[in-house]
>>> print(open('start-v4.pdb').read())   # PDB, C-alpha atoms
ATOM      1  CA  MET A  14       0.000   0.000   0.000
ATOM      2  CA  GLY A  15       1.359   3.403  -0.982
ATOM      3  CA  ARG A  16       1.561   6.455   1.181
ATOM      4  CA  ARG A  17      -1.813   8.101   1.742
ATOM      5  CA  ARG A  18      -2.205  11.754   0.936
ATOM      6  CA  GLY A  19      -4.889  14.396   0.673
ATOM      7  CA  GLU A  20      -8.473  13.286   1.201
ATOM      8  CA  ALA A  21      -7.574   9.629   1.794
ATOM      9  CA  LEU A  22      -5.190  10.560   4.602
ATOM     10  CA  GLU A  23      -7.605  13.061   6.109
ATOM     11  CA  ALA A  24     -10.434  10.510   6.029
ATOM     12  CA  ALA A  25      -8.233   7.934   7.770
ATOM     13  CA  ILE A  26      -7.237  10.430  10.460
ATOM     14  CA  LEU A  27     -10.797  11.592  11.095
ATOM     15  CA  GLU A  28     -12.054   8.005  11.231
ATOM     16  CA  ALA A  29      -9.295   7.193  13.720
ATOM     17  CA  ALA A  30     -10.221  10.280  15.760
ATOM     18  CA  TRP A  31     -13.882   9.219  15.819
ATOM     19  CA  ASP A  32     -12.942   5.658  16.818
ATOM     20  CA  GLU A  33     -10.694   6.952  19.610
ATOM     21  CA  LEU A  34     -13.419   9.324  20.783
ATOM     22  CA  SER A  35     -15.996   6.502  20.732
ATOM     23  CA  GLU A  36     -13.780   4.129  22.685
ATOM     24  CA  ARG A  37     -12.033   6.518  25.084
ATOM     25  CA  GLY A  38     -14.081   9.719  25.281
ATOM     26  CA  TYR A  39     -12.669  13.195  24.766
ATOM     27  CA  ALA A  40     -10.785  13.361  28.066
ATOM     28  CA  ASN A  41      -8.725  10.250  27.281
ATOM     29  CA  LEU A  42      -8.209  10.877  23.561
ATOM     30  CA  THR A  43      -4.746  12.108  22.594
ATOM     31  CA  VAL A  44      -3.364  13.384  19.312
ATOM     32  CA  ASP A  45      -0.695  10.688  19.667
ATOM     33  CA  SER A  46      -3.308   7.907  19.983
ATOM     34  CA  VAL A  47      -5.135   9.207  16.900
ATOM     35  CA  ALA A  48      -1.898   9.402  14.887
ATOM     36  CA  GLN A  49      -0.965   5.879  15.942
ATOM     37  CA  ARG A  50      -4.383   4.498  15.069
ATOM     38  CA  ALA A  51      -4.353   6.266  11.677
ATOM     39  CA  GLY A  52      -0.860   4.975  10.915
ATOM     40  CA  THR A  53       0.682   8.410  10.599
ATOM     41  CA  SER A  54       2.628  10.878  12.733
ATOM     42  CA  LYS A  55       1.648  13.688  15.090
ATOM     43  CA  PRO A  56       3.230  16.381  12.867
ATOM     44  CA  VAL A  57       0.900  15.288  10.031
ATOM     45  CA  LEU A  58      -2.100  15.897  12.310
ATOM     46  CA  TYR A  59      -0.779  19.236  13.568
ATOM     47  CA  ARG A  60      -0.335  20.455   9.983
ATOM     48  CA  ARG A  61      -4.104  20.062   9.551
ATOM     49  CA  TRP A  62      -5.495  20.841  13.021
ATOM     50  CA  ALA A  63      -3.961  23.155  15.620
ATOM     51  CA  ASP A  64      -4.972  21.032  18.587
ATOM     52  CA  LYS A  65      -7.071  18.166  19.917
ATOM     53  CA  GLN A  66     -10.166  20.366  20.045
ATOM     54  CA  GLU A  67     -10.024  21.193  16.316
ATOM     55  CA  LEU A  68      -9.300  17.569  15.437
ATOM     56  CA  VAL A  69     -12.309  16.337  17.408
ATOM     57  CA  GLU A  70     -14.553  19.034  15.929
ATOM     58  CA  ALA A  71     -13.505  17.935  12.423
ATOM     59  CA  ALA A  72     -14.196  14.291  13.309
ATOM     60  CA  VAL A  73     -17.654  15.201  14.650
ATOM     61  CA  VAL A  74     -18.449  17.255  11.521
ATOM     62  CA  ARG A  75     -17.435  14.297   9.330
ATOM     63  CA  ARG A  76     -19.461  11.816  11.382
ATOM     64  CA  ASP A  77     -22.481  14.113  11.390
ATOM     65  CA  ALA A  78     -22.351  14.380   7.597
ATOM     66  CA  ALA A  79     -22.420  10.574   7.415
ATOM     67  CA  GLN A  80     -25.409  10.490   9.797
ATOM     68  CA  GLN A  81     -27.501  13.000   7.821
ATOM     69  CA  VAL A  82     -31.064  12.051   6.980
ATOM     70  CA  THR A  83     -32.724  13.367   3.839
ATOM     71  CA  PRO A  84     -35.958  15.036   4.927
ATOM     72  CA  ALA A  85     -38.999  12.997   3.906
ATOM     73  CA  ASP A  86     -41.368  14.437   1.322
ATOM     74  CA  THR A  87     -44.693  12.703   1.907
ATOM     75  CA  GLY A  88     -46.862  15.581   0.732
ATOM     76  CA  SER A  89     -47.893  16.755   4.195
ATOM     77  CA  LEU A  90     -46.166  18.509   7.075
ATOM     78  CA  ARG A  91     -47.324  15.882   9.548
ATOM     79  CA  GLY A  92     -46.172  13.021   7.322
ATOM     80  CA  ASP A  93     -42.816  14.674   6.593
ATOM     81  CA  LEU A  94     -42.125  15.242  10.281
ATOM     82  CA  ILE A  95     -43.163  11.791  11.456
ATOM     83  CA  ALA A  96     -41.210  10.055   8.683
ATOM     84  CA  THR A  97     -38.079  12.175   9.206
ATOM     85  CA  LEU A  98     -38.164  11.933  13.009
ATOM     86  CA  THR A  99     -38.703   8.169  12.729
ATOM     87  CA  GLU A 100     -35.704   7.780  10.435
ATOM     88  CA  LEU A 101     -33.534   9.898  12.735
ATOM     89  CA  ASN A 102     -34.717   7.781  15.654
ATOM     90  CA  GLU A 103     -33.820   4.565  13.814
ATOM     91  CA  ARG A 104     -30.244   5.785  13.311
ATOM     92  CA  GLY A 105     -29.612   4.952  16.933
ATOM     93  CA  PRO A 106     -28.448   6.931  19.917
ATOM     94  CA  TYR A 107     -25.897   9.001  17.986
ATOM     95  CA  LEU A 108     -26.605  12.288  19.777
ATOM     96  CA  ALA A 109     -26.909  10.731  23.220
ATOM     97  CA  GLN A 110     -23.620   8.916  22.614
ATOM     98  CA  LEU A 111     -21.997  12.095  21.339
ATOM     99  CA  SER A 112     -23.046  14.171  24.342
ATOM    100  CA  LEU A 113     -21.587  11.609  26.737
ATOM    101  CA  LEU A 114     -18.348  11.242  24.783
ATOM    102  CA  LEU A 115     -17.858  14.999  24.588
ATOM    103  CA  ALA A 116     -18.439  15.871  28.253
ATOM    104  CA  GLY A 117     -14.699  16.560  28.622
ATOM    105  CA  TYR A 118     -14.709  18.671  25.443
ATOM    106  CA  PHE A 119     -17.507  20.892  26.758
ATOM    107  CA  ALA A 120     -15.750  21.298  30.117
ATOM    108  CA  GLU A 121     -12.360  22.059  28.523
ATOM    109  CA  THR A 122     -13.652  24.475  25.886
ATOM    110  CA  GLU A 123     -16.351  26.026  28.090
ATOM    111  CA  THR A 124     -18.796  25.630  25.204
ATOM    112  CA  SER A 125     -22.159  23.944  24.813
ATOM    113  CA  PHE A 126     -23.823  21.402  22.578
ATOM    114  CA  ALA A 127     -25.602  24.303  20.835
ATOM    115  CA  GLU A 128     -22.268  25.926  19.958
ATOM    116  CA  LEU A 129     -20.877  22.638  18.631
ATOM    117  CA  ARG A 130     -24.070  22.190  16.592
ATOM    118  CA  ARG A 131     -23.474  25.594  14.947
ATOM    119  CA  THR A 132     -19.943  24.445  14.052
ATOM    120  CA  VAL A 133     -21.266  21.170  12.639
ATOM    121  CA  LEU A 134     -24.016  22.834  10.585
ATOM    122  CA  ALA A 135     -21.817  25.763   9.425
ATOM    123  CA  GLY A 136     -23.582  27.028   6.333
ATOM    124  CA  ARG A 137     -25.688  23.887   5.826
ATOM    125  CA  ARG A 138     -29.468  23.991   5.888
ATOM    126  CA  SER A 139     -31.076  21.781   8.462
ATOM    127  CA  GLY A 140     -33.645  19.167   7.527
ATOM    128  CA  SER A 141     -36.260  21.104   9.436
ATOM    129  CA  ASP A 142     -35.712  24.135   7.162
ATOM    130  CA  GLU A 143     -36.599  22.110   4.072
ATOM    131  CA  ILE A 144     -39.650  20.515   5.693
ATOM    132  CA  MET A 145     -40.947  23.868   6.950
ATOM    133  CA  GLU A 146     -40.401  25.629   3.599
ATOM    134  CA  ARG A 147     -42.423  22.946   1.777
ATOM    135  CA  ALA A 148     -45.197  23.203   4.373
ATOM    136  CA  VAL A 149     -45.358  27.001   3.953
ATOM    137  CA  GLU A 150     -45.567  26.562   0.153
ATOM    138  CA  ARG A 151     -48.439  24.076   0.607
ATOM    139  CA  GLY A 152     -50.217  26.485   2.977
ATOM    140  CA  GLU A 153     -50.057  24.026   5.884
ATOM    141  CA  LEU A 154     -48.564  26.385   8.414
ATOM    142  CA  ASP A 155     -48.561  30.058   9.208
ATOM    143  CA  PRO A 156     -45.072  31.452   8.506
ATOM    144  CA  ALA A 157     -45.721  34.272  10.991
ATOM    145  CA  LYS A 158     -45.858  31.651  13.761
ATOM    146  CA  LEU A 159     -42.708  29.843  12.620
ATOM    147  CA  THR A 160     -39.726  31.096  14.611
ATOM    148  CA  PRO A 161     -36.384  29.260  14.405
ATOM    149  CA  ARG A 162     -37.003  27.792  17.882
ATOM    150  CA  ILE A 163     -40.456  26.495  16.923
ATOM    151  CA  ALA A 164     -39.133  25.049  13.640
ATOM    152  CA  ALA A 165     -36.448  23.163  15.587
ATOM    153  CA  LEU A 166     -38.847  22.028  18.321
ATOM    154  CA  PRO A 167     -39.819  18.564  16.987
ATOM    155  CA  PHE A 168     -36.145  17.697  16.470
ATOM    156  CA  ASP A 169     -35.109  19.135  19.834
ATOM    157  CA  LEU A 170     -37.839  17.156  21.607
ATOM    158  CA  LEU A 171     -36.796  13.936  19.853
ATOM    159  CA  ARG A 172     -33.162  14.565  20.780
ATOM    160  CA  GLY A 173     -34.095  15.400  24.374
ATOM    161  CA  GLU A 174     -36.203  12.267  24.754
ATOM    162  CA  ALA A 175     -33.445  10.066  23.303
ATOM    163  CA  MET A 176     -30.812  11.660  25.537
ATOM    164  CA  MET A 177     -32.920  11.344  28.686
ATOM    165  CA  THR A 178     -33.902   7.711  28.142
ATOM    166  CA  LEU A 179     -30.828   6.482  26.219
ATOM    167  CA  ARG A 180     -33.303   4.414  24.204
ATOM    168  CA  PRO A 181     -35.045   4.753  20.858
ATOM    169  CA  VAL A 182     -38.110   6.989  21.083
ATOM    170  CA  ALA A 183     -41.416   5.121  20.827
ATOM    171  CA  PRO A 184     -43.501   5.812  17.683
ATOM    172  CA  GLU A 185     -46.398   7.092  19.799
ATOM    173  CA  VAL A 186     -44.060   9.653  21.423
ATOM    174  CA  ILE A 187     -42.977  10.861  17.974
ATOM    175  CA  GLU A 188     -46.646  11.249  17.010
ATOM    176  CA  GLU A 189     -47.336  13.107  20.266
ATOM    177  CA  ILE A 190     -44.415  15.491  19.595
ATOM    178  CA  VAL A 191     -45.856  16.281  16.161
ATOM    179  CA  ASP A 192     -49.611  16.215  16.838
ATOM    180  CA  THR A 193     -49.899  17.501  20.396
ATOM    181  CA  VAL A 194     -46.936  19.857  20.710
ATOM    182  CA  PHE A 195     -45.754  21.108  17.328
ATOM    183  CA  LEU A 196     -48.726  21.310  14.947
ATOM    184  CA  PRO A 197     -50.940  23.342  17.324
ATOM    185  CA  LEU A 198     -48.159  25.946  17.537
ATOM    186  CA  VAL A 199     -47.951  26.574  13.790
ATOM    187  CA  ARG A 200     -51.505  26.290  12.544
TER     188      ARG A 200
END
>>> encode(input="start-v4.pdb", output="C-alpha coordinates")
Amino acid sequence: MGRRRGEALEAAILEAAWDELSERGYANLTVDSVAQRAGTSKPVLYRRWADKQELVEAAVVRRDAAQQVTPADTGSLRGDLIATLTELNERGPYLAQLSLLLAGYFAETETSFAELRRTVLAGRRSGSDEIMERAVERGELDPAKLTPRIAALPFDLLRGEAMMTLRPVAPEVIEEIVDTVFLPLVR
(Lines of atoms letter the chains of each structure in order from A and count residues from 1; the text may use other names and numbers.)
(Lines give C-alpha, C1' and ligand atoms only; values in the text may rest on other atoms or scores of the structure.)
Protein backbone atom coordinates (compact mmCIF):
# COMPACT_ATOMS: atom_id res chain seq x y z
CA MET A 1 0.00 0.00 0.00
CA GLY A 2 1.36 3.40 -0.98
CA ARG A 3 1.56 6.45 1.18
CA ARG A 4 -1.81 8.10 1.74
CA ARG A 5 -2.21 11.75 0.94
CA GLY A 6 -4.89 14.40 0.67
CA GLU A 7 -8.47 13.29 1.20
CA ALA A 8 -7.57 9.63 1.79
CA LEU A 9 -5.19 10.56 4.60
CA GLU A 10 -7.60 13.06 6.11
CA ALA A 11 -10.43 10.51 6.03
CA ALA A 12 -8.23 7.93 7.77
CA ILE A 13 -7.24 10.43 10.46
CA LEU A 14 -10.80 11.59 11.09
CA GLU A 15 -12.05 8.01 11.23
CA ALA A 16 -9.29 7.19 13.72
CA ALA A 17 -10.22 10.28 15.76
CA TRP A 18 -13.88 9.22 15.82
CA ASP A 19 -12.94 5.66 16.82
CA GLU A 20 -10.69 6.95 19.61
CA LEU A 21 -13.42 9.32 20.78
CA SER A 22 -16.00 6.50 20.73
CA GLU A 23 -13.78 4.13 22.69
CA ARG A 24 -12.03 6.52 25.08
CA GLY A 25 -14.08 9.72 25.28
CA TYR A 26 -12.67 13.19 24.77
CA ALA A 27 -10.79 13.36 28.07
CA ASN A 28 -8.73 10.25 27.28
CA LEU A 29 -8.21 10.88 23.56
CA THR A 30 -4.75 12.11 22.59
CA VAL A 31 -3.36 13.38 19.31
CA ASP A 32 -0.69 10.69 19.67
CA SER A 33 -3.31 7.91 19.98
CA VAL A 34 -5.14 9.21 16.90
CA ALA A 35 -1.90 9.40 14.89
CA GLN A 36 -0.96 5.88 15.94
CA ARG A 37 -4.38 4.50 15.07
CA ALA A 38 -4.35 6.27 11.68
CA GLY A 39 -0.86 4.97 10.91
CA THR A 40 0.68 8.41 10.60
CA SER A 41 2.63 10.88 12.73
CA LYS A 42 1.65 13.69 15.09
CA PRO A 43 3.23 16.38 12.87
CA VAL A 44 0.90 15.29 10.03
CA LEU A 45 -2.10 15.90 12.31
CA TYR A 46 -0.78 19.24 13.57
CA ARG A 47 -0.33 20.46 9.98
CA ARG A 48 -4.10 20.06 9.55
CA TRP A 49 -5.49 20.84 13.02
CA ALA A 50 -3.96 23.16 15.62
CA ASP A 51 -4.97 21.03 18.59
CA LYS A 52 -7.07 18.17 19.92
CA GLN A 53 -10.17 20.37 20.04
CA GLU A 54 -10.02 21.19 16.32
CA LEU A 55 -9.30 17.57 15.44
CA VAL A 56 -12.31 16.34 17.41
CA GLU A 57 -14.55 19.03 15.93
CA ALA A 58 -13.50 17.93 12.42
CA ALA A 59 -14.20 14.29 13.31
CA VAL A 60 -17.65 15.20 14.65
CA VAL A 61 -18.45 17.26 11.52
CA ARG A 62 -17.44 14.30 9.33
CA ARG A 63 -19.46 11.82 11.38
CA ASP A 64 -22.48 14.11 11.39
CA ALA A 65 -22.35 14.38 7.60
CA ALA A 66 -22.42 10.57 7.41
CA GLN A 67 -25.41 10.49 9.80
CA GLN A 68 -27.50 13.00 7.82
CA VAL A 69 -31.06 12.05 6.98
CA THR A 70 -32.72 13.37 3.84
CA PRO A 71 -35.96 15.04 4.93
CA ALA A 72 -39.00 13.00 3.91
CA ASP A 73 -41.37 14.44 1.32
CA THR A 74 -44.69 12.70 1.91
CA GLY A 75 -46.86 15.58 0.73
CA SER A 76 -47.89 16.76 4.19
CA LEU A 77 -46.17 18.51 7.07
CA ARG A 78 -47.32 15.88 9.55
CA GLY A 79 -46.17 13.02 7.32
CA ASP A 80 -42.82 14.67 6.59
CA LEU A 81 -42.13 15.24 10.28
CA ILE A 82 -43.16 11.79 11.46
CA ALA A 83 -41.21 10.05 8.68
CA THR A 84 -38.08 12.18 9.21
CA LEU A 85 -38.16 11.93 13.01
CA THR A 86 -38.70 8.17 12.73
CA GLU A 87 -35.70 7.78 10.43
CA LEU A 88 -33.53 9.90 12.73
CA ASN A 89 -34.72 7.78 15.65
CA GLU A 90 -33.82 4.56 13.81
CA ARG A 91 -30.24 5.79 13.31
CA GLY A 92 -29.61 4.95 16.93
CA PRO A 93 -28.45 6.93 19.92
CA TYR A 94 -25.90 9.00 17.99
CA LEU A 95 -26.61 12.29 19.78
CA ALA A 96 -26.91 10.73 23.22
CA GLN A 97 -23.62 8.92 22.61
CA LEU A 98 -22.00 12.10 21.34
CA SER A 99 -23.05 14.17 24.34
CA LEU A 100 -21.59 11.61 26.74
CA LEU A 101 -18.35 11.24 24.78
CA LEU A 102 -17.86 15.00 24.59
CA ALA A 103 -18.44 15.87 28.25
CA GLY A 104 -14.70 16.56 28.62
CA TYR A 105 -14.71 18.67 25.44
CA PHE A 106 -17.51 20.89 26.76
CA ALA A 107 -15.75 21.30 30.12
CA GLU A 108 -12.36 22.06 28.52
CA THR A 109 -13.65 24.48 25.89
CA GLU A 110 -16.35 26.03 28.09
CA THR A 111 -18.80 25.63 25.20
CA SER A 112 -22.16 23.94 24.81
CA PHE A 113 -23.82 21.40 22.58
CA ALA A 114 -25.60 24.30 20.84
CA GLU A 115 -22.27 25.93 19.96
CA LEU A 116 -20.88 22.64 18.63
CA ARG A 117 -24.07 22.19 16.59
CA ARG A 118 -23.47 25.59 14.95
CA THR A 119 -19.94 24.44 14.05
CA VAL A 120 -21.27 21.17 12.64
CA LEU A 121 -24.02 22.83 10.58
CA ALA A 122 -21.82 25.76 9.42
CA GLY A 123 -23.58 27.03 6.33
CA ARG A 124 -25.69 23.89 5.83
CA ARG A 125 -29.47 23.99 5.89
CA SER A 126 -31.08 21.78 8.46
CA GLY A 127 -33.64 19.17 7.53
CA SER A 128 -36.26 21.10 9.44
CA ASP A 129 -35.71 24.13 7.16
CA GLU A 130 -36.60 22.11 4.07
CA ILE A 131 -39.65 20.51 5.69
CA MET A 132 -40.95 23.87 6.95
CA GLU A 133 -40.40 25.63 3.60
CA ARG A 134 -42.42 22.95 1.78
CA ALA A 135 -45.20 23.20 4.37
CA VAL A 136 -45.36 27.00 3.95
CA GLU A 137 -45.57 26.56 0.15
CA ARG A 138 -48.44 24.08 0.61
CA GLY A 139 -50.22 26.48 2.98
CA GLU A 140 -50.06 24.03 5.88
CA LEU A 141 -48.56 26.38 8.41
CA ASP A 142 -48.56 30.06 9.21
CA PRO A 143 -45.07 31.45 8.51
CA ALA A 144 -45.72 34.27 10.99
CA LYS A 145 -45.86 31.65 13.76
CA LEU A 146 -42.71 29.84 12.62
CA THR A 147 -39.73 31.10 14.61
CA PRO A 148 -36.38 29.26 14.40
CA ARG A 149 -37.00 27.79 17.88
CA ILE A 150 -40.46 26.49 16.92
CA ALA A 151 -39.13 25.05 13.64
CA ALA A 152 -36.45 23.16 15.59
CA LEU A 153 -38.85 22.03 18.32
CA PRO A 154 -39.82 18.56 16.99
CA PHE A 155 -36.15 17.70 16.47
CA ASP A 156 -35.11 19.14 19.83
CA LEU A 157 -37.84 17.16 21.61
CA LEU A 158 -36.80 13.94 19.85
CA ARG A 159 -33.16 14.57 20.78
CA GLY A 160 -34.10 15.40 24.37
CA GLU A 161 -36.20 12.27 24.75
CA ALA A 162 -33.44 10.07 23.30
CA MET A 163 -30.81 11.66 25.54
CA MET A 164 -32.92 11.34 28.69
CA THR A 165 -33.90 7.71 28.14
CA LEU A 166 -30.83 6.48 26.22
CA ARG A 167 -33.30 4.41 24.20
CA PRO A 168 -35.04 4.75 20.86
CA VAL A 169 -38.11 6.99 21.08
CA ALA A 170 -41.42 5.12 20.83
CA PRO A 171 -43.50 5.81 17.68
CA GLU A 172 -46.40 7.09 19.80
CA VAL A 173 -44.06 9.65 21.42
CA ILE A 174 -42.98 10.86 17.97
CA GLU A 175 -46.65 11.25 17.01
CA GLU A 176 -47.34 13.11 20.27
CA ILE A 177 -44.42 15.49 19.59
CA VAL A 178 -45.86 16.28 16.16
CA ASP A 179 -49.61 16.22 16.84
CA THR A 180 -49.90 17.50 20.40
CA VAL A 181 -46.94 19.86 20.71
CA PHE A 182 -45.75 21.11 17.33
CA LEU A 183 -48.73 21.31 14.95
CA PRO A 184 -50.94 23.34 17.32
CA LEU A 185 -48.16 25.95 17.54
CA VAL A 186 -47.95 26.57 13.79
CA ARG A 187 -51.50 26.29 12.54
>>> closest_residue(input="start-v4.pdb", among="A:Thr99, A:Ser125, A:Thr132, A:Thr87", to="Val74 (chain A)", atoms="all atoms listed in the file")
A:Thr132
>>> closest_residue(input="start-v4.pdb", among="A:Trp31, A:Arg61, A:Phe119, A:Arg200", to="Pro156 (chain A)", atoms="all atoms listed in the file")
A:Arg200
>>> atom_distance(input="start-v4.pdb", atom1="CA of Leu115 (chain A)", atom2="CA of Val73 (chain A)")
9.9 Å
>>> closest_residue(input="start-v4.pdb", among="A:Arg37, A:Lys55, A:Arg180, A:Arg138", to="Ala165 (chain A)", atoms="all atoms listed in the file")
A:Arg138
>>> resolve_selection(input="start-v4.pdb", expression="the PyMOL selection byres ((chain A and resi 89-92) around 8)", output="list in words")
Ala85, Asp86, Thr87, Gly88, Asp93, Leu94, Ile95, Ala96, Ile144, Met145, Arg147, Ala148, Glu153, Val191, Asp192 and Leu196 of chain A
>>> resolve_selection(input="start-v4.pdb", expression="the PyMOL selection byres ((chain A and resi 39-46) around 12)", output="VMD selection string")
chain A and resid 26 to 27 29 to 38 47 to 59 61 to 70 72 to 73 110 to 122
>>> atom_distance(input="start-v4.pdb", atom1="CA of Thr124 (chain A)", atom2="CA of Val82 (chain A)")
25.8 Å
>>> closest_residue(input="start-v4.pdb", among="A:Gln80, A:Arg151, A:Glu188, A:Glu23", to="Arg104 (chain A)", atoms="only C-alpha atoms")
A:Gln80
>>> closest_residue(input="start-v4.pdb", among="A:Asp77, A:Ala164, A:Leu22, A:Leu179", to="Val149 (chain A)", atoms="all atoms listed in the file")
A:Ala164
>>> atom_distance(input="start-v4.pdb", atom1="CA of Phe195 (chain A)", atom2="CA of Leu154 (chain A)")
10.7 Å
>>> build_atoms(input="start-v4.pdb", residues="region 16-27 of chain A", atoms="all heavy atoms", output="PDB file, in the frame of the given file")
ATOM      1  N   ARG A  16       1.760   5.418   0.164  1.00  0.00           N
ATOM      2  CA  ARG A  16       1.561   6.455   1.181  1.00  0.00           C
ATOM      3  C   ARG A  16       0.273   7.220   0.900  1.00  0.00           C
ATOM      4  O   ARG A  16       0.027   7.654  -0.226  1.00  0.00           O
ATOM      5  CB  ARG A  16       2.763   7.388   1.119  1.00  0.00           C
ATOM      6  CG  ARG A  16       2.856   8.314   2.264  1.00  0.00           C
ATOM      7  CD  ARG A  16       4.202   8.957   2.258  1.00  0.00           C
ATOM      8  NE  ARG A  16       4.065  10.232   2.961  1.00  0.00           N
ATOM      9  CZ  ARG A  16       4.963  11.157   2.981  1.00  0.00           C
ATOM     10  NH1 ARG A  16       6.079  10.995   2.314  1.00  0.00           N
ATOM     11  NH2 ARG A  16       4.782  12.255   3.650  1.00  0.00           N
ATOM     12  N   ARG A  17      -0.548   7.371   1.902  1.00  0.00           N
ATOM     13  CA  ARG A  17      -1.813   8.101   1.742  1.00  0.00           C
ATOM     14  C   ARG A  17      -1.548   9.599   1.777  1.00  0.00           C
ATOM     15  O   ARG A  17      -0.697  10.075   2.518  1.00  0.00           O
ATOM     16  CB  ARG A  17      -2.793   7.741   2.864  1.00  0.00           C
ATOM     17  CG  ARG A  17      -3.218   6.305   2.838  1.00  0.00           C
ATOM     18  CD  ARG A  17      -3.961   5.965   4.082  1.00  0.00           C
ATOM     19  NE  ARG A  17      -3.046   6.207   5.207  1.00  0.00           N
ATOM     20  CZ  ARG A  17      -3.341   6.031   6.469  1.00  0.00           C
ATOM     21  NH1 ARG A  17      -4.523   5.618   6.808  1.00  0.00           N
ATOM     22  NH2 ARG A  17      -2.464   6.264   7.429  1.00  0.00           N
ATOM     23  N   ARG A  18      -2.325  10.305   0.990  1.00  0.00           N
ATOM     24  CA  ARG A  18      -2.205  11.754   0.936  1.00  0.00           C
ATOM     25  C   ARG A  18      -3.599  12.359   0.798  1.00  0.00           C
ATOM     26  O   ARG A  18      -4.563  11.665   0.535  1.00  0.00           O
ATOM     27  CB  ARG A  18      -1.371  12.190  -0.272  1.00  0.00           C
ATOM     28  CG  ARG A  18       0.052  11.737  -0.245  1.00  0.00           C
ATOM     29  CD  ARG A  18       0.775  12.242  -1.509  1.00  0.00           C
ATOM     30  NE  ARG A  18       2.088  11.668  -1.639  1.00  0.00           N
ATOM     31  CZ  ARG A  18       3.177  12.142  -1.067  1.00  0.00           C
ATOM     32  NH1 ARG A  18       3.109  13.206  -0.308  1.00  0.00           N
ATOM     33  NH2 ARG A  18       4.345  11.557  -1.233  1.00  0.00           N
ATOM     34  N   GLY A  19      -3.661  13.656   0.952  1.00  0.00           N
ATOM     35  CA  GLY A  19      -4.889  14.396   0.673  1.00  0.00           C
ATOM     36  C   GLY A  19      -6.105  13.857   1.397  1.00  0.00           C
ATOM     37  O   GLY A  19      -6.083  13.591   2.593  1.00  0.00           O
ATOM     38  N   GLU A  20      -7.198  13.702   0.623  1.00  0.00           N
ATOM     39  CA  GLU A  20      -8.473  13.286   1.201  1.00  0.00           C
ATOM     40  C   GLU A  20      -8.410  11.903   1.835  1.00  0.00           C
ATOM     41  O   GLU A  20      -9.060  11.663   2.857  1.00  0.00           O
ATOM     42  CB  GLU A  20      -9.568  13.335   0.142  1.00  0.00           C
ATOM     43  CG  GLU A  20      -9.983  14.753  -0.219  1.00  0.00           C
ATOM     44  CD  GLU A  20     -11.120  14.791  -1.230  1.00  0.00           C
ATOM     45  OE1 GLU A  20     -11.913  13.832  -1.273  1.00  0.00           O
ATOM     46  OE2 GLU A  20     -11.199  15.788  -1.957  1.00  0.00           O
ATOM     47  N   ALA A  21      -7.667  10.986   1.237  1.00  0.00           N
ATOM     48  CA  ALA A  21      -7.574   9.629   1.794  1.00  0.00           C
ATOM     49  C   ALA A  21      -6.917   9.658   3.176  1.00  0.00           C
ATOM     50  O   ALA A  21      -7.377   8.987   4.107  1.00  0.00           O
ATOM     51  CB  ALA A  21      -6.797   8.716   0.854  1.00  0.00           C
ATOM     52  N   LEU A  22      -5.862  10.442   3.309  1.00  0.00           N
ATOM     53  CA  LEU A  22      -5.190  10.560   4.602  1.00  0.00           C
ATOM     54  C   LEU A  22      -6.089  11.255   5.619  1.00  0.00           C
ATOM     55  O   LEU A  22      -6.226  10.803   6.759  1.00  0.00           O
ATOM     56  CB  LEU A  22      -3.869  11.321   4.450  1.00  0.00           C
ATOM     57  CG  LEU A  22      -3.093  11.580   5.746  1.00  0.00           C
ATOM     58  CD1 LEU A  22      -2.743  10.268   6.445  1.00  0.00           C
ATOM     59  CD2 LEU A  22      -1.833  12.387   5.448  1.00  0.00           C
ATOM     60  N   GLU A  23      -6.726  12.338   5.197  1.00  0.00           N
ATOM     61  CA  GLU A  23      -7.605  13.061   6.109  1.00  0.00           C
ATOM     62  C   GLU A  23      -8.762  12.174   6.574  1.00  0.00           C
ATOM     63  O   GLU A  23      -9.120  12.166   7.757  1.00  0.00           O
ATOM     64  CB  GLU A  23      -8.142  14.332   5.447  1.00  0.00           C
ATOM     65  CG  GLU A  23      -8.903  15.196   6.413  1.00  0.00           C
ATOM     66  CD  GLU A  23      -9.142  16.598   5.882  1.00  0.00           C
ATOM     67  OE1 GLU A  23      -8.181  17.252   5.442  1.00  0.00           O
ATOM     68  OE2 GLU A  23     -10.302  17.029   5.950  1.00  0.00           O
ATOM     69  N   ALA A  24      -9.341  11.417   5.661  1.00  0.00           N
ATOM     70  CA  ALA A  24     -10.434  10.510   6.029  1.00  0.00           C
ATOM     71  C   ALA A  24      -9.963   9.470   7.042  1.00  0.00           C
ATOM     72  O   ALA A  24     -10.666   9.169   8.016  1.00  0.00           O
ATOM     73  CB  ALA A  24     -10.994   9.826   4.785  1.00  0.00           C
ATOM     74  N   ALA A  25      -8.777   8.932   6.838  1.00  0.00           N
ATOM     75  CA  ALA A  25      -8.233   7.934   7.770  1.00  0.00           C
ATOM     76  C   ALA A  25      -7.997   8.546   9.149  1.00  0.00           C
ATOM     77  O   ALA A  25      -8.290   7.919  10.183  1.00  0.00           O
ATOM     78  CB  ALA A  25      -6.934   7.349   7.213  1.00  0.00           C
ATOM     79  N   ILE A  26      -7.494   9.754   9.180  1.00  0.00           N
ATOM     80  CA  ILE A  26      -7.237  10.430  10.460  1.00  0.00           C
ATOM     81  C   ILE A  26      -8.548  10.722  11.180  1.00  0.00           C
ATOM     82  O   ILE A  26      -8.683  10.461  12.384  1.00  0.00           O
ATOM     83  CB  ILE A  26      -6.435  11.733  10.244  1.00  0.00           C
ATOM     84  CG1 ILE A  26      -5.026  11.410   9.749  1.00  0.00           C
ATOM     85  CG2 ILE A  26      -6.392  12.562  11.526  1.00  0.00           C
ATOM     86  CD1 ILE A  26      -4.262  12.616   9.220  1.00  0.00           C
ATOM     87  N   LEU A  27      -9.525  11.244  10.452  1.00  0.00           N
ATOM     88  CA  LEU A  27     -10.797  11.592  11.095  1.00  0.00           C
ATOM     89  C   LEU A  27     -11.554  10.345  11.546  1.00  0.00           C
ATOM     90  O   LEU A  27     -12.221  10.366  12.585  1.00  0.00           O
ATOM     91  CB  LEU A  27     -11.644  12.464  10.173  1.00  0.00           C
ATOM     92  CG  LEU A  27     -11.058  13.845   9.911  1.00  0.00           C
ATOM     93  CD1 LEU A  27     -11.908  14.615   8.908  1.00  0.00           C
ATOM     94  CD2 LEU A  27     -10.881  14.636  11.199  1.00  0.00           C
TER      95      LEU A  27
END
